[in-house]
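A.B. asks: Before anything else, here's the structure in question.
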Amino acid sequence: MSRPLTFLCLLALCFQTALAQKATVYGKVVDASTGEPLIAATVRSGEIGVITDFDGAYSLELEPGQHGLAIRYVGYQPLNKTVRLDAGQSLEWNAFLEVEAAVLQTATVTSGKFEKPLSEVTVSLEVLRPDLVKSTGKVTIDEALEKIPGVTIIDGQANIRGGSGYAQGAGSRVLLMVDDMPILTADAGFPNWDDVPIENIAQVEVVKGAASALYGSSALNGIINVRTAYPKAKPETEVAAWYTSYMSPKDERLKWWDSAPYTYGASLAHRRKIGKLDLVLGGYLLRENDYNGYQDPDDPAGGIKNAYRRFGRTNISTRYRLTDRLTIGLNGNFNVGETGAFLYWKSDTAAYLAAPNTFSNRERIRFNIDPFINYYDKGGNRHRLQGRFYNVDNNNDMDQSNSSDMYYGEYQFQRQIQPAELVVTAGAVVSGTAISAELYGDTTYTSRNIATYIQVEKKLLDRLNLSGGFRYENNLLISPAYYNELKQDTITKERESRPVFRIGANYRVGEATFFRASWGQGYRFPTVAEKFIRTNAGFIRVLPNPSLGSETGWSAELGVKQGFRINGFEGFVDLAGFISQYQDMIEFNFIGQGFKSVNIGGTNIRGFEATIAGRGEVLGVPLSLLTGYTYVDPKFDEFGLDAPEGSQALFNAQSSSEMTTNVLKYRSRHLFKFDLEGSYKGFFLGTEVFYNSQLVAIDNLFEVLLAGVKRFRDDNPNGYTLLNLRTGYNFTEDIRLTLLLNNTANVEYTTRPALMEAPRNLTARVDYKF
């Protein structure tokens, strides 16, 4: 018995001695300019590596001797150091990383739920910087998104590369997120753009193409992810105020006002650290007396009144570090306002006036509460638990009121295996809604979605990035069968499950040349609004379609991104060819006695896109550039006037204004975007240009029944070109004055039928930071 005991004691002593011979390197990794700790930076020596915690701290245990240390963090320049360690030594080394100026190294997260350089993502992803949003004076984020190649906004609905048309405010195929959390309305899947805290943006990331495998049903056509800013080492406060005055339209017949319409507003963002607490406060106020007008039927002697928009929003974000591994937080947003707007014009010669019985007044209250927990276990694995409660209450004077609650919860696990350069992300999502509305038969609907997902990202030979993902969705919609016109109390339960997959690759050919290829499936379950809405707007009747089915599809892309540097100016050129195919696509069409959402069969959309982005100095003048051209060819799989009676092909042709041309409705084939800004000794000058070719096809009834729609389209067969100019002066690093002349040529244009856009307008904006 004594011999085994002696052996065990000697073994323990040897083990303790071996441990004592180890050496340790420890310290912090921080931003060199701000001192801000860099969370999840990698610190490696050969095959041994760790990641930094929430304080940017790390500790690496090594054998005695000489070691090469390498520190990497996306968006920052790599840092290497050689150290010599003695047995039992503890060496402190604090690393100060410099921001990587190269555009190709811009840090992104949306493509894989972890930070990755823009050059290495396997899909088309565009980044919109906050300084560009501010300098162009955009008051809501949807206006800023128009700058991104391939992206258009039609009446509030986002459209990426022709993937969507005009949907009457329901059923978005593009998922809007704020900090990785979906923020589409529960009933209609509609993005409320003025809920997004534009005053506190770190950057906006746009993924083009199907992304349902990672983000779910509404990401059929792409993702818009707004990443908000957190505090840095020093407190920051940013205040902005602006005033816009609208001038007379080119056609004097369209001017109905005596006093110029106007918009004014202000915003505030404050960010600071209080011990272990990160605190962000924001506020936003907007008042608009619009260039659109209406005649109040209850006050015919009162003359024409302005359409209007008035709202205020406040938001808060908190993040508290309980330990070096555990962080908790609570974010919230409260938005209250009222709007008055119309659906379509009186005629093309009275384009800024509402047609009778189409103007509605709406009061609304919206708020969301978002708790979250982040935890890094001892193995460096990240566990994230996040949730959202989103309430919308709209009161409308045209029997179109609605209210909805959305509940959302997600658990996410992520493991980064540094020696293998492998990242595994997996999670589960549960969401539910409760919806009641006059719009949907004045009854209550509930729904539930359960999903699980996994994505794997692998890097090989320091050149090839591979990604693959899978998601399984299960949907349940519980609704009363009111639509049978007998208004029976029968309850229906509609269930559907669907798997979706995606794969992608990115290969670095040279120092700044990257080829990519991706394929991903998409899936979207129809919204309550699309299936059950019943309302009127003027002579237009909108009817329910309870049998409406889900839409599925896939998108694929081949692309190349080439970085360049010309003296002090650097950037990239991106070329991409893409194809999207849908089965049972959902579109808004006239059927029988009114308009409804219907499945129109298969469709395919092919095209290509070219983008150039860069920043730097040319002849000593700082410049920034973003420009791109997109071509799309969107077609029905089944189309033709010679098709059999009652067929989908015949219906698709007869419902289009271009009955002999196979093209999906409400798409522009050609899009061009251009933005250039330069500065010199405090002054800056910028210009932006947009070109949209004409919507090739619309609903043929709109040309017949809406006054002036056909005449306006015939008079503007080539679409429109819009020129905006801006200039200003930076009095100091913290005070900036901007003047913007939008629609400089005073072009009369529409982005969808029977709704004229703004005439020439002048904005003055002041930004102050302290």
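So you can find residues: chains in the structure tokens are A, B, ... in the order shown, residues in each start at 1, and ligands are numbered from 1 in order.
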Near Ser119 in chain A, within 12 Å and counting only C-alpha atoms, which residues show up once chain neighbours fewer than 2 positions away are dropped, as a count of residues only?

C.D. replies: 44

A.B. asks: Please determine, counting only C-alpha atoms, which residue among A:Ser624, A:Asn604, A:Asn315, A:Ser668 has the shortest atom-to-atom distance to Asp637 in chain A.

C.D. replies: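 Counting only C-alpha atoms, the residue closest to Asp637 in chain A is A:Asn604.
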
A.B. asks: Skip Arg366 in chain A itself and residues of its chain fewer than 3 positions away, then list as JSON, numbers by chain all residues within 8 Å of it, counting only C-alpha atoms.

C.D. replies: {"A": [334, 335, 336, 390, 391, 392, 393]}

A.B. asks: Would you mind exporting N, CA, C and O atoms of the selected residues as a JSON list (two decimals), in the first residue's frame?

C.D. replies:
[["chain", "number", "residue", "atom", "x", "y", "z"],
["A", 334, "PHE", "N", -39.00, 54.08, -27.52],
["A", 334, "PHE", "CA", -40.39, 54.54, -27.40],
["A", 334, "PHE", "C", -40.64, 55.60, -28.46],
["A", 334, "PHE", "O", -39.90, 56.58, -28.55],
["A", 335, "ASN", "N", -41.69, 55.40, -29.28],
["A", 335, "ASN", "CA", -41.96, 56.27, -30.41],
["A", 335, "ASN", "C", -43.44, 56.62, -30.42],
["A", 335, "ASN", "O", -44.29, 55.73, -30.46],
["A", 336, "VAL", "N", -43.76, 57.91, -30.38],
["A", 336, "VAL", "CA", -45.14, 58.36, -30.43],
["A", 336, "VAL", "C", -45.29, 59.42, -31.51],
["A", 336, "VAL", "O", -44.40, 60.27, -31.67],
["A", 390, "TYR", "N", -42.21, 43.86, -28.58],
["A", 390, "TYR", "CA", -42.43, 44.96, -29.50],
["A", 390, "TYR", "C", -43.93, 45.19, -29.62],
["A", 390, "TYR", "O", -44.67, 44.31, -30.08],
["A", 391, "ASN", "N", -44.39, 46.37, -29.22],
["A", 391, "ASN", "CA", -45.80, 46.69, -29.24],
["A", 391, "ASN", "C", -46.07, 47.81, -30.23],
["A", 391, "ASN", "O", -45.35, 48.82, -30.25],
["A", 392, "VAL", "N", -47.10, 47.63, -31.05],
["A", 392, "VAL", "CA", -47.52, 48.64, -32.02],
["A", 392, "VAL", "C", -49.01, 48.89, -31.83],
["A", 392, "VAL", "O", -49.80, 47.94, -31.80],
["A", 393, "ASP", "N", -49.39, 50.17, -31.73],
["A", 393, "ASP", "CA", -50.80, 50.53, -31.59],
["A", 393, "ASP", "C", -51.09, 51.68, -32.54],
["A", 393, "ASP", "O", -50.64, 52.81, -32.33]]

A.B. asks: Give me, please, the distance in Å between CA of Pro182 in chain A and CA of Ile316 in chain A, quoted to one decimal.

C.D. replies: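 These two atoms are separated by 17.3 Å.
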